[in-house]
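Peer 1: Sharing entry.txt here; it has compact mmCIF, C-alpha atoms.
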# COMPACT_ATOMS: atom_id res chain seq x y z
CA MET Z 318 42.61 -7.64 4.14
CA PRO Z 319 40.35 -9.71 1.84
CA ARG Z 320 37.32 -11.19 3.62
CA GLY Z 321 38.30 -14.74 2.71
CA GLU Z 322 41.77 -14.30 4.22
CA LYS Z 323 40.29 -12.92 7.44
CA GLU Z 324 38.02 -15.97 7.73
CA ARG Z 325 40.94 -18.33 7.06
CA ARG Z 326 43.04 -16.72 9.80
CA ARG Z 327 40.11 -16.84 12.21
CA GLU Z 328 39.79 -20.60 11.66
CA VAL Z 329 43.55 -21.07 12.22
CA GLU Z 330 43.31 -19.14 15.49
CA LYS Z 331 40.41 -21.33 16.65
CA LEU Z 332 42.32 -24.53 15.88
CA THR Z 333 45.45 -23.24 17.61
CA SER Z 334 43.43 -22.28 20.66
CA LEU Z 335 41.80 -25.71 20.78
CA ASN Z 336 45.19 -27.49 20.64
CA LEU Z 337 46.60 -25.32 23.42
CA MET Z 338 43.60 -25.95 25.65
CA GLN Z 339 43.88 -29.69 25.15
CA GLY Z 340 47.55 -29.49 26.19
CA ASN Z 341 46.78 -27.59 29.40
CA LYS Z 342 43.12 -27.93 30.38
CA HIS Z 343 43.49 -25.66 33.41
CA GLU Z 344 44.68 -22.71 31.35
CA ILE Z 345 42.04 -20.56 29.67
CA ILE Z 346 43.10 -19.23 26.30
CA SER Z 347 41.34 -16.10 25.02
CA THR Z 348 41.22 -15.79 21.24
CA PRO Z 349 39.74 -13.11 18.98
CA SER Z 350 36.26 -13.99 17.75
CA SER Z 351 33.57 -12.19 15.82
CA ARG Z 352 30.51 -10.90 17.66
CA GLU Z 353 27.21 -12.05 16.20
CA GLY Z 354 24.13 -9.99 16.80
CA GLN Z 355 20.48 -10.07 15.75
CA GLY Z 356 19.26 -6.96 14.00
CA LEU Z 357 16.48 -5.40 11.96
CA VAL Z 358 16.98 -4.21 8.38
CA THR Z 359 15.89 -0.57 8.15
CA GLU Z 360 17.07 0.33 4.65
CA VAL Z 361 18.40 -1.54 1.62
CA GLY Z 362 20.81 -0.21 -1.00
CA SER Z 363 22.76 -1.71 -3.86
CA GLY Z 364 24.68 -4.63 -2.37
CA ASN Z 365 24.35 -3.48 1.24
CA CYS Z 366 21.81 -2.57 3.89
CA LYS Z 367 21.41 -0.69 7.14
CA VAL Z 368 20.79 -2.89 10.18
CA SER Z 369 19.57 -1.68 13.57
CA ILE Z 370 21.18 -3.59 16.46
CA GLY Z 371 20.16 -2.13 19.79
CA ASN Z 372 20.90 1.60 19.58
CA GLU Z 373 23.43 1.11 16.81
CA ILE Z 374 23.02 1.31 13.03
CA LEU Z 375 25.47 -0.73 10.95
CA VAL Z 376 25.94 -0.47 7.20
CA CYS Z 377 26.39 -4.14 6.26
CA SER Z 378 27.31 -6.08 3.16
CA LEU Z 379 25.60 -9.38 2.36
CA ARG Z 380 27.28 -12.77 2.73
CA GLY Z 381 27.86 -14.23 -0.72
CA ALA Z 382 26.03 -17.42 0.28
CA LEU Z 383 22.75 -15.47 0.47
CA LYS Z 384 21.18 -16.02 -2.93
CA ALA Z 385 17.83 -14.96 -4.36
CA HIS Z 386 17.68 -17.63 -7.04
CA GLU Z 387 15.15 -20.44 -6.60
CA THR Z 388 13.23 -18.40 -4.00
CA GLY Z 389 10.78 -16.91 -6.50
CA TYR Z 390 11.83 -13.39 -5.44
CA THR Z 391 14.22 -10.98 -7.11
CA ASN Z 392 15.53 -9.36 -3.92
CA ILE Z 393 17.42 -11.14 -1.13
CA VAL Z 394 17.18 -8.93 1.96
CA VAL Z 395 14.39 -6.36 2.37
CA VAL Z 396 13.32 -3.71 4.84
CA GLY Z 397 11.74 -5.35 7.88
CA ASP Z 398 13.86 -8.49 7.70
CA GLU Z 399 15.35 -9.87 10.91
CA VAL Z 400 18.94 -10.97 10.34
CA LEU Z 401 22.01 -12.29 12.11
CA VAL Z 402 25.04 -10.07 11.59
CA ASN Z 403 28.77 -10.62 11.97
CA VAL Z 404 29.28 -7.34 13.83
CA GLU Z 405 33.08 -7.42 13.54
CA ASP Z 406 33.00 -7.50 9.74
CA ALA Z 407 29.58 -5.81 9.32
CA VAL Z 408 28.24 -8.69 7.21
CA VAL Z 409 24.70 -10.09 7.14
CA GLU Z 410 25.24 -13.82 7.67
CA THR Z 411 21.73 -15.26 8.08
CA LEU Z 412 18.21 -14.29 7.11
CA LEU Z 413 15.72 -15.31 9.82
CA PRO Z 414 12.26 -16.71 8.93
CA ARG Z 415 9.69 -14.10 7.91
CA ARG Z 416 6.23 -13.93 9.48
CA SER Z 417 4.67 -11.82 6.72
CA LEU Z 418 5.37 -10.30 3.31
CA LEU Z 419 3.94 -7.69 0.96
CA THR Z 420 4.87 -8.53 -2.64
CA ARG Z 421 4.32 -7.33 -6.19
CA PRO Z 422 5.33 -8.73 -9.61
CA ASP Z 423 8.85 -7.70 -10.56
CA VAL Z 424 8.87 -4.93 -13.18
CA PHE Z 425 11.36 -6.69 -15.47
CA TYR Z 426 10.93 -10.38 -14.56
CA THR Z 427 7.15 -10.63 -14.33
CA HIS Z 428 7.25 -14.38 -13.56
CA LEU Z 429 9.08 -13.49 -10.31
CA GLN Z 430 8.00 -11.40 -7.33
CA GLN Z 431 9.58 -8.39 -5.71
CA ILE Z 432 9.23 -8.15 -1.94
CA VAL Z 433 8.13 -4.67 -0.90
CA VAL Z 434 8.56 -5.22 2.85
CA ALA Z 435 8.73 -8.06 5.38
CA ASN Z 436 7.41 -8.68 8.89
CA VAL Z 437 4.73 -5.98 9.01
CA ASP Z 438 1.35 -6.17 10.74
CA GLN Z 439 -0.72 -3.87 8.57
CA VAL Z 440 -0.83 -1.93 5.31
CA LEU Z 441 -1.86 1.72 5.58
CA ILE Z 442 -3.28 2.55 2.15
CA VAL Z 443 -2.87 6.31 1.82
CA ALA Z 444 -4.95 8.05 -0.84
CA SER Z 445 -5.85 11.70 -1.36
CA TRP Z 446 -9.12 13.21 -2.53
CA GLN Z 447 -7.31 15.69 -4.78
CA GLU Z 448 -3.72 16.44 -5.80
CA PRO Z 449 -3.51 13.67 -6.93
CA HIS Z 450 -7.15 12.65 -7.42
CA PHE Z 451 -8.62 9.67 -5.61
CA TRP Z 452 -7.94 6.49 -7.59
CA PRO Z 453 -10.21 3.61 -6.44
CA GLU Z 454 -8.53 0.98 -8.63
CA LEU Z 455 -5.19 1.41 -6.88
CA VAL Z 456 -6.87 1.25 -3.45
CA ASP Z 457 -8.59 -1.98 -4.54
CA ARG Z 458 -5.27 -3.47 -5.65
CA TYR Z 459 -3.70 -2.75 -2.28
CA LEU Z 460 -6.72 -4.20 -0.48
CA ILE Z 461 -6.41 -7.43 -2.47
CA ALA Z 462 -2.63 -7.60 -1.91
CA ALA Z 463 -3.16 -7.17 1.84
CA GLU Z 464 -5.76 -9.95 1.91
CA VAL Z 465 -3.60 -12.30 -0.18
CA ASN Z 466 -0.70 -11.75 2.21
CA GLN Z 467 -2.95 -11.94 5.30
CA LEU Z 468 -2.21 -8.40 6.43
CA GLN Z 469 -4.61 -5.98 8.11
CA ALA Z 470 -5.59 -3.23 5.67
CA VAL Z 471 -6.36 0.33 6.76
CA ILE Z 472 -7.56 3.06 4.37
CA CYS Z 473 -6.32 6.56 5.11
CA LEU Z 474 -7.95 9.26 2.97
CA ASN Z 475 -5.73 12.33 3.19
CA LYS Z 476 -6.15 15.97 2.11
CA ILE Z 477 -9.84 16.02 3.03
CA ASP Z 478 -9.51 19.78 3.48
CA LEU Z 479 -9.65 19.88 -0.35
CA VAL Z 480 -13.15 18.32 -0.48
CA GLU Z 481 -15.52 20.75 -2.22
CA ASN Z 482 -18.54 18.56 -2.94
CA GLU Z 483 -19.49 16.45 0.06
CA GLY Z 484 -21.96 14.39 -1.98
CA ASP Z 485 -19.33 13.29 -4.52
CA PHE Z 486 -16.97 12.54 -1.67
CA GLN Z 487 -19.43 10.26 0.13
CA ASN Z 488 -20.55 8.51 -3.07
CA ALA Z 489 -16.96 7.65 -3.98
CA LEU Z 490 -16.32 6.13 -0.56
CA GLN Z 491 -19.64 4.30 -0.15
CA PRO Z 492 -18.28 0.91 -1.38
CA TYR Z 493 -15.49 1.01 1.21
CA HIS Z 494 -17.80 1.76 4.14
CA SER Z 495 -19.36 -1.68 3.70
CA LEU Z 496 -16.01 -3.36 4.25
CA ASP Z 497 -15.01 -4.45 7.74
CA LEU Z 498 -11.82 -2.39 7.95
CA PRO Z 499 -10.73 0.90 9.50
CA ILE Z 500 -11.05 4.10 7.42
CA ILE Z 501 -9.28 7.21 8.69
CA PHE Z 502 -9.88 10.71 7.29
CA THR Z 503 -6.91 13.01 7.66
CA SER Z 504 -5.52 16.39 6.77
CA ALA Z 505 -1.90 17.15 7.60
CA LYS Z 506 -2.75 20.81 7.02
CA THR Z 507 -5.58 21.05 9.58
CA LYS Z 508 -4.32 18.14 11.76
CA LYS Z 509 -7.70 16.41 11.44
CA GLY Z 510 -7.48 12.66 12.07
CA ILE Z 511 -3.82 12.72 13.18
CA SER Z 512 -4.66 11.54 16.69
CA GLU Z 513 -6.72 8.64 15.29
CA LEU Z 514 -3.85 7.76 12.95
CA GLN Z 515 -1.39 7.75 15.88
CA THR Z 516 -3.64 5.29 17.70
CA GLN Z 517 -3.80 3.01 14.65
CA LEU Z 518 0.00 2.98 14.34
CA HIS Z 519 0.67 2.41 18.04
CA GLU Z 520 2.59 -0.80 18.84
CA ARG Z 521 2.21 -2.08 15.27
CA THR Z 522 4.63 -2.34 12.37
CA THR Z 523 2.96 -0.59 9.45
CA VAL Z 524 3.88 -0.16 5.79
CA LEU Z 525 2.59 2.98 4.10
CA ALA Z 526 1.57 2.53 0.47
CA GLY Z 527 0.06 4.80 -2.13
CA LEU Z 528 0.54 7.10 -5.10
CA SER Z 529 3.32 9.66 -5.24
CA GLY Z 530 2.14 12.92 -3.74
CA VAL Z 531 -0.69 11.65 -1.54
CA GLY Z 532 1.18 12.86 1.55
CA LYS Z 533 2.61 9.74 3.21
CA SER Z 534 5.78 11.46 4.44
CA THR Z 535 3.86 14.59 5.45
CA LEU Z 536 1.45 12.50 7.52
CA LEU Z 537 4.35 10.77 9.29
CA SER Z 538 5.86 14.16 10.06
CA ALA Z 539 2.52 15.17 11.58
CA VAL Z 540 2.39 11.96 13.65
CA GLN Z 541 5.95 12.48 14.90
CA PRO Z 542 7.28 15.98 14.11
CA ASP Z 543 10.97 15.17 14.66
CA ILE Z 544 10.94 12.31 12.13
CA ASN Z 545 12.51 14.64 9.50
CA LEU Z 546 11.23 13.15 6.26
CA ARG Z 547 11.61 14.85 2.93
CA THR Z 548 8.35 16.12 1.45
CA GLY Z 549 7.45 17.81 -1.84
CA ASP Z 550 4.68 19.39 -3.87
CA VAL Z 551 2.52 17.80 -6.53
CA GLY Z 552 3.89 18.32 -10.05
CA SER Z 553 2.59 21.29 -12.05
CA THR Z 554 4.27 20.74 -15.42
CA ARG Z 555 2.23 19.32 -18.30
CA LYS Z 556 3.95 15.91 -18.03
CA TYR Z 557 3.39 15.50 -14.29
CA LYS Z 558 0.39 17.74 -13.66
CA GLY Z 559 -1.71 16.36 -10.82
CA MET Z 560 0.80 13.58 -10.09
CA GLY Z 561 3.13 13.34 -7.15
CA ARG Z 562 6.88 13.70 -7.23
CA HIS Z 563 9.01 10.98 -5.67
CA THR Z 564 10.41 12.40 -2.42
CA THR Z 565 11.02 9.02 -0.79
CA SER Z 566 13.60 7.24 -2.96
CA GLN Z 567 13.63 3.91 -1.14
CA ALA Z 568 11.77 2.06 1.61
CA THR Z 569 12.87 3.09 5.09
CA LEU Z 570 11.85 1.66 8.46
CA LEU Z 571 11.42 4.24 11.21
CA LYS Z 572 10.70 3.52 14.86
CA LEU Z 573 8.00 5.57 16.57
CA GLU Z 574 8.66 7.13 19.96
CA LYS Z 575 5.34 5.95 21.39
CA GLY Z 576 5.79 2.35 20.21
CA GLY Z 577 5.62 0.65 16.86
CA ALA Z 578 7.37 1.29 13.58
CA VAL Z 579 6.48 2.50 10.11
CA VAL Z 580 7.93 1.70 6.70
CA ASP Z 581 7.76 4.69 4.38
CA THR Z 582 7.83 3.42 0.79
CA PRO Z 583 8.46 5.34 -2.44
CA GLY Z 584 5.30 6.59 -4.10
CA ILE Z 585 4.22 4.60 -7.13
CA ARG Z 586 2.10 5.12 -10.22
CA GLU Z 587 0.98 1.50 -10.59
CA PHE Z 588 0.89 -1.65 -8.46
CA GLY Z 589 0.64 -5.16 -9.88
CA LEU Z 590 -0.87 -8.11 -8.05
CA ALA Z 591 1.20 -11.21 -7.33
CA ASN Z 592 -0.21 -14.71 -6.71
CA VAL Z 593 -3.67 -13.75 -7.99
CA HIS Z 594 -5.13 -15.33 -11.12
CA GLN Z 595 -7.69 -13.37 -13.12
CA SER Z 596 -10.35 -15.98 -12.37
CA GLU Z 597 -9.82 -15.47 -8.63
CA LEU Z 598 -10.27 -11.70 -8.63
CA ILE Z 599 -14.04 -11.81 -8.18
CA SER Z 600 -13.67 -13.56 -4.81
CA TYR Z 601 -11.91 -10.48 -3.42
CA PHE Z 602 -14.90 -8.23 -4.20
CA SER Z 603 -17.53 -9.32 -1.71
CA ASP Z 604 -20.18 -6.97 -3.12
CA MET Z 605 -19.83 -8.56 -6.57
CA SER Z 606 -19.11 -12.20 -5.79
CA ALA Z 607 -22.74 -12.91 -4.78
CA LEU Z 608 -23.99 -11.48 -8.07
CA ALA Z 609 -21.35 -13.38 -10.03
CA GLU Z 610 -22.78 -16.67 -8.81
CA ALA Z 611 -25.81 -16.03 -10.99
CA CYS Z 612 -23.69 -15.59 -14.13
CA ARG Z 613 -24.30 -18.37 -16.64
CA TYR Z 614 -20.72 -18.30 -18.03
CA SER Z 615 -18.12 -20.26 -16.06
CA ASN Z 616 -15.17 -18.40 -17.58
CA CYS Z 617 -16.68 -14.91 -17.34
CA SER Z 618 -14.50 -12.11 -15.93
CA HIS Z 619 -17.63 -10.10 -14.93
CA VAL Z 620 -16.24 -6.82 -16.24
CA VAL Z 621 -18.93 -6.19 -18.87
CA LYS Z 622 -22.59 -5.65 -18.01
CA THR Z 623 -24.72 -7.92 -20.21
CA ASN Z 624 -28.40 -8.30 -20.86
CA PRO Z 625 -29.92 -10.10 -17.81
CA LYS Z 626 -31.95 -12.20 -20.22
CA TYR Z 627 -28.72 -13.82 -21.49
CA GLY Z 628 -26.73 -13.85 -18.20
Can you dump the structure from the file as structure tokens?
Peer 2:
Amino acid sequence: MPRGEKERRREVEKLTSLNLMQGNKHEIISTPSSREGQGLVTEVGSGNCKVSIGNEILVCSLRGALKAHETGYTNIVVVGDEVLVNVEDAVVETLLPRRSLLTRPDVFYTHLQQIVVANVDQVLIVASWQEPHFWPELVDRYLIAAEVNQLQAVICLNKIDLVENEGDFQNALQPYHSLDLPIIFTSAKTKKGISELQTQLHERTTVLAGLSGVGKSTLLSAVQPDINLRTGDVGSTRKYKGMGRHTTSQATLLKLEKGGAVVDTPGIREFGLANVHQSELISYFSDMSALAEACRYSNCSHVVKTNPKYG
């Protein structure tokens, strides 16, 4: 039966019930009604989503009245959203207010934003020392995005069993040690740092972010062995040598047995910044902002080292 016809019949039944009750106020009339429940979006597909309600997972469609236009975002419902669901018809009726977001510019409509995840407490920035190689610029982008969205940032440097030169390793990480944020060193292979990572994830909702192949899914499997996530090797062909393969195809929210939840996101090869103007970037680099104050050029981007004599 078409959805519109079902809704029309439901309204007729309500009106009929009301008339009967007014005719005999002592008689209770029971009429069919839809059950509405509050749930958590755990996965989003094309035109539908999975919603966790209690111990049940419903595959729901979206009410046509839910529109993305005029919101500034290109997606309507995202992983982490809290929603009200018409359980009888398996339809998401209402999107509840969000307490936090992680966003990026949309790939095709760059004037709009794409929501990566909603209602998380922290961003776990997973990087690897090798396979693929540590990429500070991407880590910096995630740190800025976390600060812009007022989310706690945590750096997790994985695959430290592949470190060959300890001096190079420490030099690369020196700028991050001066920041007031947690840094966790892990190896899914040797289990180093897994206990510390479990503590950091406990009773928090965390989104994992990072390059393809850095080991996000493998780390989650080490944290909770029965989580059954798909993992893969780093590419070895010329085109993808040293780069990760996408084993997570879409964001998925997973509840942890010991409390908390994680959102495993697909690995990426670039991450744009939303709501940040080029002139504002310097304020997110505390080690450079003090030096930038001495620059004589008001519109300087501070990316080129100039002669101190001329500012």
Peer 1: Pick out the closest residue to Gly577 (chain Z) from this set: Z:Asn372, Z:Gln467, Z:Thr535, Z:Gln439. Count only C-alpha atoms.
Peer 2: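 Of the candidates, the smallest distance to Gly577 (chain Z) is held by Z:Gln439.
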Peer 1: Counting all atoms listed in the file, which residues in region 358-419 of chain Z sit no more than 12 Å from region 456-466 of chain Z? For each one, give the nearest pair of atoms and the distance in Å, sorted by chain then residue number, as JSON lines.
Peer 2:
{"residue": "Z:Arg416", "atom": "CA", "partner": "Z:Asn466", "partner_atom": "CA", "distance": 10.3}
{"residue": "Z:Ser417", "atom": "CA", "partner": "Z:Asn466", "partner_atom": "CA", "distance": 7.0}
{"residue": "Z:Leu418", "atom": "CA", "partner": "Z:Asn466", "partner_atom": "CA", "distance": 6.3}
{"residue": "Z:Leu419", "atom": "CA", "partner": "Z:Asn466", "partner_atom": "CA", "distance": 6.3}
Peer 1: By how many Å are CA of Val531 (chain Z) and CA of Asn482 (chain Z) apart?
Peer 2: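 Between these atoms lies a distance of 19.2 Å.
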Peer 1: To one decimal place, how far is CA of Lys509 (chain Z) from CA of Gln447 (chain Z) in Å?
Peer 2: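 One can read the CA of Lys509 (chain Z) to CA of Gln447 (chain Z) distance as 16.2 Å.
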Peer 1: How many Å separate CA of Val402 (chain Z) from CA of Gly354 (chain Z)?
Peer 2: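 Between CA of Val402 (chain Z) and CA of Gly354 (chain Z) the gap is 5.3 Å.
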Peer 1: Go through Z:Leu518, Z:Ile544, Z:Ala407, Z:Val394 one by one, measure the shortest atom-to-atom distance of each to Glu373 (chain Z) using all atoms listed in the file, and give the residue with the smallest value.
Peer 2: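 For Glu373 (chain Z), the nearest of the candidates is Z:Ala407.
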